[in-house]
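Heads up, the thing below is written out as structure tokens.
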Amino acid sequence: MTQIEFYDTRTRTRRPFEPLEPGKVGIYTCGPTVYAEQHVGNLRSRLFSDLLKRFLQSEGFEVTHVINITDVGHLVSDADEGEDKMEAAARKAGQTAEEIAAHYTELWRKDGIAVNCQPPEHNPKATEHIAEQIELGQRLEAGGYLYRIEDGIYFDTSKFDRYAELAGLDLEGQAEGARIGVTEGKRNPSDFAVWKFAEEGVQRLQEWDSPWGRGFPGWHLECSAMSVRYLGERFDIHTGGIDLSTVHHTNEVAQSECGYDCHPWVQFWMHNEFLALPGDEKMSKSKGNVKTLNDLIARGIAPLAFRYFFLQAHYRQQQNFTDEAIQAAAKGFKRLQKIALDLESVEGEGDPAVQAPYYERFREALADDLNAPRAMAVVWDVARSDDLAEVDRRDLLRRFDPVLGLELGAPAETAAEEAWETDPRIDDLVAQRTTARQAKDWDTADRIRDELAAEGIEIVDSPEGPRWRRTSE
Ligand code: AMP
Ligand code: ZN
């Protein structure tokens, strides 16, 4: 059997994958900052970690997947400057940071269900692990890595020899190019905040006591502290978008390797490339050019068609999010689903010996640094094969599906349907709104929509008619 090989960002090599503990794999994925709705680029990152998990499960590993929820400390600028994204969003919406976090966490969870991502084994929130973060800060302080300046406690990156290793950073170049305006008192441009002080006279929504004074943790600290809590001091795979490698992940490594005196902290760093909009403009929430899963649903694209689209590119290649590509994927997905559904009515038993080489080609593709497009080519070979008996095609698609997560044999859009809810009272109100709209009674329609919004319920006008979902718990 072909050995599984993954590309590791830190060593810049492909290496055979062996977990630290035989049979078990720990994966940590940097999750959403819950101040805005996730866009399809963020979803690519989520889908990548889900495919990785599903493949490893299909190889017989017991996977523990941790995805954190960043609900404090992520500042608008990576240079430890600017407002906290959560605070800014809360102020704008006139809500508490907790309300904002609950709202967007719920949307994130529902998007995950809609594209059939398995729920992570652990989904910890930064605000619920402040004690662990302080504990790690104290370890770093005891090790002599931290220093205090006016606005917080900083990590002195010059004290960690391997600081540049993960992302191959040019620290000298960074020092030369350091902008004026770098936080005053920082010893090196790359130093980062481990704890930020609450500003005198400014009432923050989120702040805690610490040995260093009242304030809040730096963004990077949460991932180091929570990964230890759920996966141990060293673990197998850390994933995230490639943009995180130079600052966030580099800082996570510094904290964890210095705090727990280990190396390498993570065996494999696996980073997904970006999902780009036409014109190569990077898609980001702050640029406002976002597309959400709901935008796609509203245009008649099933969430699982987006999953199919995701599977068409290798995770280390940039993928372009164009209308044509999405439409083509939606068509391809429908065709594949129809074939699989038709094959479900075939009766009889297949021949494992005939199926074996096809399954082996499928798993070989994924063992080759998770080459999803090549695996999909095998799926299509099987789906369209004239040589294979129908029972064998049926069985093979059934075997591929738990890895792909496309719900191939199931009636179309089941997973998408599960993302919607039913409740007689709310269904009735939504129906009343539809009737009011049809009668062009906009006042009534808007009043019902606002009433439901006040209860935390959002109406989505999907092609199958209006649906609703709860946006806070
Ligand atoms: P955020 O909620 O902004 O902290 O991002 C969550 C995850 O999505 C991180 O792993 C990011 O690296 C990743 N990400 C952000 N934008 C994109 C994009 N356009 N394509 C792929 N991944 C992305
Ligand atoms: Zn992280």
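So you can find residues: chains in the structure tokens are A, B, ... in the order shown, residues in each start at 1, and ligands are numbered from 1 in order.
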- prompt: Ala167 of chain A: which residues within 12 Å, counting only C-alpha atoms, same-chain residues fewer than 6 positions away excluded, as a count of residues only?
  reply: 19
task: Name each residue within 8 Å of ligand 2, counting only C-alpha atoms and all ligand atoms, as a count of residues only.
output: 14
message: Around ligand 1, out to 7 Å and counting only C-alpha atoms and all ligand atoms, which residues are there? I want them as a list of chain:residue names.
response: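 Here is the list of contacting residues: A:Cys30, A:Gly31, A:Pro32, A:Thr33, A:Val34, A:Gln38, A:Gly41, A:Asn42, A:Leu43, A:Arg44, A:Ser45, A:Gly240, A:Gly241, A:Ile242, A:Asp243, A:Leu244, A:Asn272, A:Glu273, A:Phe274, A:Leu275, A:Ala276, A:Lys282, A:Met283, A:Ser284.
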task: Select, from A:Asp50, A:Asp170, A:Asp428, A:Asp392, the residue with the minimum atom-to-atom distance to Leu311 of chain A, counting only C-alpha atoms.
output: A:Asp50
query: Residues at most 10 Å from segment 140-145 of chain A, counting only C-alpha atoms, excluding those fewer than 5 positions away in the same chain, as a list of chain:residue names?
result: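 Those residues are A:Ile134, A:Glu135, A:Ile153, A:Tyr154, A:Phe155, A:Asp156, A:Thr157, A:Ser158, A:Lys159, A:Phe160, A:Val194, A:Ala254, A:Gln255, A:Ser256, A:Glu257, A:Cys258, A:Gly259, A:Tyr260, A:Asp261.
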For the residues selected in the previous step, produce a file with N, CA, C and O atoms as an mmCIF file, in the first residue's frame.
```cif
data_model
loop_
_atom_site.group_PDB
_atom_site.id
_atom_site.type_symbol
_atom_site.label_atom_id
_atom_site.label_comp_id
_atom_site.auth_asym_id
_atom_site.auth_seq_id
_atom_site.Cartn_x
_atom_site.Cartn_y
_atom_site.Cartn_z
ATOM 1 N N ILE A 134 -3.286 32.556 30.436
ATOM 2 C CA ILE A 134 -2.457 33.239 31.445
ATOM 3 C C ILE A 134 -1.364 32.282 31.926
ATOM 4 O O ILE A 134 -0.203 32.673 32.100
ATOM 5 N N GLU A 135 -1.736 31.025 32.081
ATOM 6 C CA GLU A 135 -0.758 30.038 32.572
ATOM 7 C C GLU A 135 0.422 29.934 31.600
ATOM 8 O O GLU A 135 1.584 29.919 32.005
ATOM 9 N N ILE A 153 2.254 43.272 27.445
ATOM 10 C CA ILE A 153 3.384 42.378 27.678
ATOM 11 C C ILE A 153 3.733 41.741 26.340
ATOM 12 O O ILE A 153 2.864 41.171 25.678
ATOM 13 N N TYR A 154 4.987 41.831 25.937
ATOM 14 C CA TYR A 154 5.394 41.379 24.606
ATOM 15 C C TYR A 154 6.377 40.221 24.669
ATOM 16 O O TYR A 154 7.130 40.070 25.638
ATOM 17 N N PHE A 155 6.376 39.439 23.591
ATOM 18 C CA PHE A 155 7.317 38.334 23.436
ATOM 19 C C PHE A 155 8.527 38.860 22.667
ATOM 20 O O PHE A 155 8.385 39.448 21.589
ATOM 21 N N ASP A 156 9.716 38.626 23.225
ATOM 22 C CA ASP A 156 10.944 39.070 22.565
ATOM 23 C C ASP A 156 11.377 37.985 21.576
ATOM 24 O O ASP A 156 11.972 36.976 21.959
ATOM 25 N N THR A 157 11.084 38.214 20.297
ATOM 26 C CA THR A 157 11.321 37.156 19.309
ATOM 27 C C THR A 157 12.815 36.893 19.084
ATOM 28 O O THR A 157 13.184 35.840 18.566
ATOM 29 N N SER A 158 13.672 37.831 19.484
ATOM 30 C CA SER A 158 15.113 37.607 19.280
ATOM 31 C C SER A 158 15.629 36.534 20.247
ATOM 32 O O SER A 158 16.721 36.009 20.083
ATOM 33 N N LYS A 159 14.812 36.180 21.234
ATOM 34 C CA LYS A 159 15.248 35.152 22.192
ATOM 35 C C LYS A 159 14.919 33.738 21.707
ATOM 36 O O LYS A 159 15.210 32.757 22.379
ATOM 37 N N PHE A 160 14.269 33.652 20.573
ATOM 38 C CA PHE A 160 13.892 32.328 20.058
ATOM 39 C C PHE A 160 14.596 32.127 18.709
ATOM 40 O O PHE A 160 14.208 32.706 17.697
ATOM 41 N N VAL A 194 1.509 39.351 24.061
ATOM 42 C CA VAL A 194 0.961 38.154 24.697
ATOM 43 C C VAL A 194 -0.220 38.579 25.572
ATOM 44 O O VAL A 194 -1.192 37.861 25.720
ATOM 45 N N ALA A 254 6.513 30.061 18.415
ATOM 46 C CA ALA A 254 7.407 30.672 19.400
ATOM 47 C C ALA A 254 6.872 30.441 20.818
ATOM 48 O O ALA A 254 7.600 30.002 21.711
ATOM 49 N N GLN A 255 5.599 30.678 21.018
ATOM 50 C CA GLN A 255 5.013 30.522 22.367
ATOM 51 C C GLN A 255 5.053 29.079 22.830
ATOM 52 O O GLN A 255 5.434 28.780 23.963
ATOM 53 N N SER A 256 4.664 28.157 21.936
ATOM 54 C CA SER A 256 4.546 26.762 22.361
ATOM 55 C C SER A 256 5.919 26.130 22.562
ATOM 56 O O SER A 256 6.133 25.421 23.542
ATOM 57 N N GLU A 257 6.839 26.386 21.630
ATOM 58 C CA GLU A 257 8.152 25.744 21.766
ATOM 59 C C GLU A 257 8.914 26.320 22.965
ATOM 60 O O GLU A 257 9.637 25.602 23.647
ATOM 61 N N CYS A 258 8.746 27.616 23.232
ATOM 62 C CA CYS A 258 9.433 28.202 24.395
ATOM 63 C C CYS A 258 8.685 27.857 25.684
ATOM 64 O O CYS A 258 9.306 27.583 26.708
ATOM 65 N N GLY A 259 7.372 27.858 25.631
ATOM 66 C CA GLY A 259 6.594 27.588 26.846
ATOM 67 C C GLY A 259 6.696 26.135 27.292
ATOM 68 O O GLY A 259 6.692 25.840 28.478
ATOM 69 N N TYR A 260 6.755 25.219 26.342
ATOM 70 C CA TYR A 260 6.742 23.792 26.693
ATOM 71 C C TYR A 260 8.059 23.106 26.359
ATOM 72 O O TYR A 260 8.159 21.880 26.450
ATOM 73 N N ASP A 261 9.030 23.884 25.959
ATOM 74 C CA ASP A 261 10.359 23.368 25.677
ATOM 75 C C ASP A 261 10.294 22.131 24.780
ATOM 76 O O ASP A 261 10.732 21.036 25.164
#
```
field: alpha helix (DSSP H) per DSSP on the backbone: members of segment 245-372 of chain A, as JSON, numbers by chain
entry: {"A": [250, 251, 252, 253, 254, 255, 256, 257, 258, 259, 260, 293, 294, 295, 296, 297, 298, 303, 304, 305, 306, 307, 308, 309, 310, 311, 323, 324, 325, 326, 327, 328, 329, 330, 331, 332, 333, 334, 335, 336, 337, 338, 339, 340, 341, 342, 343, 344, 352, 353, 354, 355, 356, 357, 358, 359, 360, 361, 362, 363, 364, 365, 366, 367, 372]}
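Using only C-alpha atoms, the shortest contact distance between Tyr163 of chain A and any of A:Ser190, A:Gln319, A:Thr127, A:Thr183 is found at A:Ser190.
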field: From A:Gln138, A:Thr64, A:Asn320, A:Gln355, residue lying nearest Glu121 of chain A [only C-alpha atoms]
entry: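 Closest to Glu121 of chain A of all the choices is A:Thr64.
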message: At a cut-off of 6 Å, using only C-alpha atoms, what residues contact Val403 of chain A? Leave out same-chain residues fewer than 2 positions from it and give the result as a PyMOL selection string.
response: chain A and resi 54-55+400-401+405
Would you save the residues from that selection as an mmCIF file, in the first residue's frame, using C-alpha atoms?
```
data_model
loop_
_atom_site.group_PDB
_atom_site.id
_atom_site.type_symbol
_atom_site.label_atom_id
_atom_site.label_comp_id
_atom_site.auth_asym_id
_atom_site.auth_seq_id
_atom_site.Cartn_x
_atom_site.Cartn_y
_atom_site.Cartn_z
ATOM 1 C CA ARG A 54 -12.170 12.202 6.600
ATOM 2 C CA PHE A 55 -9.270 10.754 4.614
ATOM 3 C CA PHE A 400 -15.677 6.923 -1.836
ATOM 4 C CA ASP A 401 -18.427 8.999 -0.354
ATOM 5 C CA GLY A 405 -18.620 13.977 2.037
#
```
message: Which residues are close to Arg148 of chain A, i.e. within 10 Å by only C-alpha atoms, leaving aside same-chain residues fewer than 2 positions away? Reply as a list of chain:residue names.
response: A:Leu146, A:Glu150, A:Asp151, A:Gly152, A:Ile153, A:Tyr154, A:Phe155, A:Gly185, A:Lys186, A:Ala193, A:Trp195, A:Lys196, A:Trp212
Those residues you just picked out, can you put them in a file as an mmCIF file, in the first residue's frame with C-alpha atoms?
```cif
data_model
loop_
_atom_site.group_PDB
_atom_site.id
_atom_site.type_symbol
_atom_site.label_atom_id
_atom_site.label_comp_id
_atom_site.auth_asym_id
_atom_site.auth_seq_id
_atom_site.Cartn_x
_atom_site.Cartn_y
_atom_site.Cartn_z
ATOM 1 C CA LEU A 146 8.564 38.482 27.887
ATOM 2 C CA GLU A 150 3.230 50.722 27.973
ATOM 3 C CA ASP A 151 0.388 48.941 26.227
ATOM 4 C CA GLY A 152 1.123 45.341 27.104
ATOM 5 C CA ILE A 153 3.384 42.378 27.678
ATOM 6 C CA TYR A 154 5.394 41.379 24.606
ATOM 7 C CA PHE A 155 7.317 38.334 23.436
ATOM 8 C CA GLY A 185 9.032 50.348 22.865
ATOM 9 C CA LYS A 186 8.993 47.090 20.914
ATOM 10 C CA ALA A 193 1.708 41.038 22.357
ATOM 11 C CA TRP A 195 -1.221 40.336 26.919
ATOM 12 C CA LYS A 196 -2.628 43.765 26.147
ATOM 13 C CA TRP A 212 0.289 41.697 34.628
#
```
Set the distance at 6 Å and use only C-alpha atoms: which residues neighbour Lys85 of chain A once local chain neighbours fewer than 4 positions away are removed? I'd like the list as a compact mmCIF listing (two decimals) with C-alpha atoms, in the first residue's frame.
```
# COMPACT_ATOMS: atom_id res chain seq x y z
CA HIS A 74 -7.92 39.55 17.20
CA LEU A 75 -6.96 43.12 16.40
CA VAL A 76 -7.75 44.83 13.14
```
Residue nearest Pro16 of chain A among A:Lys440, A:Asp368, A:Gly456, A:Glu106 (counting only C-alpha atoms):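 Closest residue, counting only C-alpha atoms: A:Asp368.
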- request: List every residue of segment 12-106 of chain A that DSSP, applied to the backbone of this structure, assigns to strand (DSSP E or B), and report them as a PyMOL selection string.
  value: chain A and resi 13-16+21+24-29+33+62-67+69-70+75-77+81-84
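Here atom CA of Phe310 of chain A is placed at a distance of 26.2 Å from atom CA of Gly465 of chain A.
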query: Which neighbours of Glu83 of chain A fall inside 12 Å, counting only C-alpha atoms, when residues of the same chain fewer than 5 positions from it are skipped, and could you give them as a PyMOL selection string?
result: chain A and resi 72-78+88-91+196+198-199+204
Resulting file, chosen residues, N, CA and C atoms, as a PDB file, in the first residue's frame:
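The resulting file, selection_22.pdb, is reproduced below:
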```
ATOM      1  N   VAL A  72     -12.112  36.882  21.038  1.00  0.00           N
ATOM      2  CA  VAL A  72     -11.476  38.041  21.682  1.00  0.00           C
ATOM      3  C   VAL A  72     -10.049  38.177  21.153  1.00  0.00           C
ATOM      4  N   GLY A  73      -9.517  39.384  21.175  1.00  0.00           N
ATOM      5  CA  GLY A  73      -8.076  39.570  21.017  1.00  0.00           C
ATOM      6  C   GLY A  73      -7.555  39.708  19.601  1.00  0.00           C
ATOM      7  N   HIS A  74      -8.402  39.454  18.579  1.00  0.00           N
ATOM      8  CA  HIS A  74      -7.919  39.549  17.199  1.00  0.00           C
ATOM      9  C   HIS A  74      -8.042  41.016  16.768  1.00  0.00           C
ATOM     10  N   LEU A  75      -6.910  41.693  16.725  1.00  0.00           N
ATOM     11  CA  LEU A  75      -6.955  43.123  16.402  1.00  0.00           C
ATOM     12  C   LEU A  75      -7.063  43.350  14.902  1.00  0.00           C
ATOM     13  N   VAL A  76      -7.533  44.516  14.548  1.00  0.00           N
ATOM     14  CA  VAL A  76      -7.753  44.832  13.142  1.00  0.00           C
ATOM     15  C   VAL A  76      -6.454  44.710  12.348  1.00  0.00           C
ATOM     16  N   SER A  77      -5.323  45.113  12.971  1.00  0.00           N
ATOM     17  CA  SER A  77      -4.044  44.971  12.280  1.00  0.00           C
ATOM     18  C   SER A  77      -3.239  43.854  12.924  1.00  0.00           C
ATOM     19  N   ASP A  78      -2.475  43.126  12.089  1.00  0.00           N
ATOM     20  CA  ASP A  78      -1.648  42.036  12.592  1.00  0.00           C
ATOM     21  C   ASP A  78      -0.510  42.543  13.466  1.00  0.00           C
ATOM     22  N   ALA A  88     -15.131  46.139  17.936  1.00  0.00           N
ATOM     23  CA  ALA A  88     -15.576  47.071  16.894  1.00  0.00           C
ATOM     24  C   ALA A  88     -16.930  46.632  16.337  1.00  0.00           C
ATOM     25  N   ALA A  89     -17.066  45.324  16.078  1.00  0.00           N
ATOM     26  CA  ALA A  89     -18.325  44.831  15.507  1.00  0.00           C
ATOM     27  C   ALA A  89     -19.467  44.999  16.499  1.00  0.00           C
ATOM     28  N   ALA A  90     -19.175  44.748  17.781  1.00  0.00           N
ATOM     29  CA  ALA A  90     -20.219  44.855  18.800  1.00  0.00           C
ATOM     30  C   ALA A  90     -20.699  46.300  18.907  1.00  0.00           C
ATOM     31  N   ARG A  91     -19.747  47.225  18.912  1.00  0.00           N
ATOM     32  CA  ARG A  91     -20.113  48.634  19.037  1.00  0.00           C
ATOM     33  C   ARG A  91     -20.987  49.049  17.857  1.00  0.00           C
ATOM     34  N   LYS A 196      -2.475  42.328  26.379  1.00  0.00           N
ATOM     35  CA  LYS A 196      -2.628  43.765  26.147  1.00  0.00           C
ATOM     36  C   LYS A 196      -3.371  44.368  27.344  1.00  0.00           C
ATOM     37  N   ALA A 198      -5.852  46.853  29.314  1.00  0.00           N
ATOM     38  CA  ALA A 198      -7.049  47.660  29.056  1.00  0.00           C
ATOM     39  C   ALA A 198      -6.620  49.114  29.197  1.00  0.00           C
ATOM     40  N   GLU A 199      -7.013  49.934  28.228  1.00  0.00           N
ATOM     41  CA  GLU A 199      -6.581  51.336  28.288  1.00  0.00           C
ATOM     42  C   GLU A 199      -7.260  52.064  29.433  1.00  0.00           C
ATOM     43  N   ARG A 204     -13.709  48.583  28.130  1.00  0.00           N
ATOM     44  CA  ARG A 204     -13.782  47.516  27.134  1.00  0.00           C
ATOM     45  C   ARG A 204     -14.920  46.578  27.478  1.00  0.00           C
TER      46      ARG A 204
END
```
message: Ranking A:Leu397, A:Ile426, A:Leu388, A:Leu341 by minimum distance to Pro466 of chain A and counting only C-alpha atoms, which one comes first?
response: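 Residue with the minimum atom-to-atom distance to Pro466 of chain A: A:Ile426.
Between atom CA of Pro303 of chain A and atom CA of Pro411 of chain A lies a distance of 13.9 Å.
Remark: for Leu370 of chain A, the closest of the candidate residues A:Gln432, A:Gln267, A:Gln312, A:Ser385 is A:Gln312 (distances computed over only C-alpha atoms).
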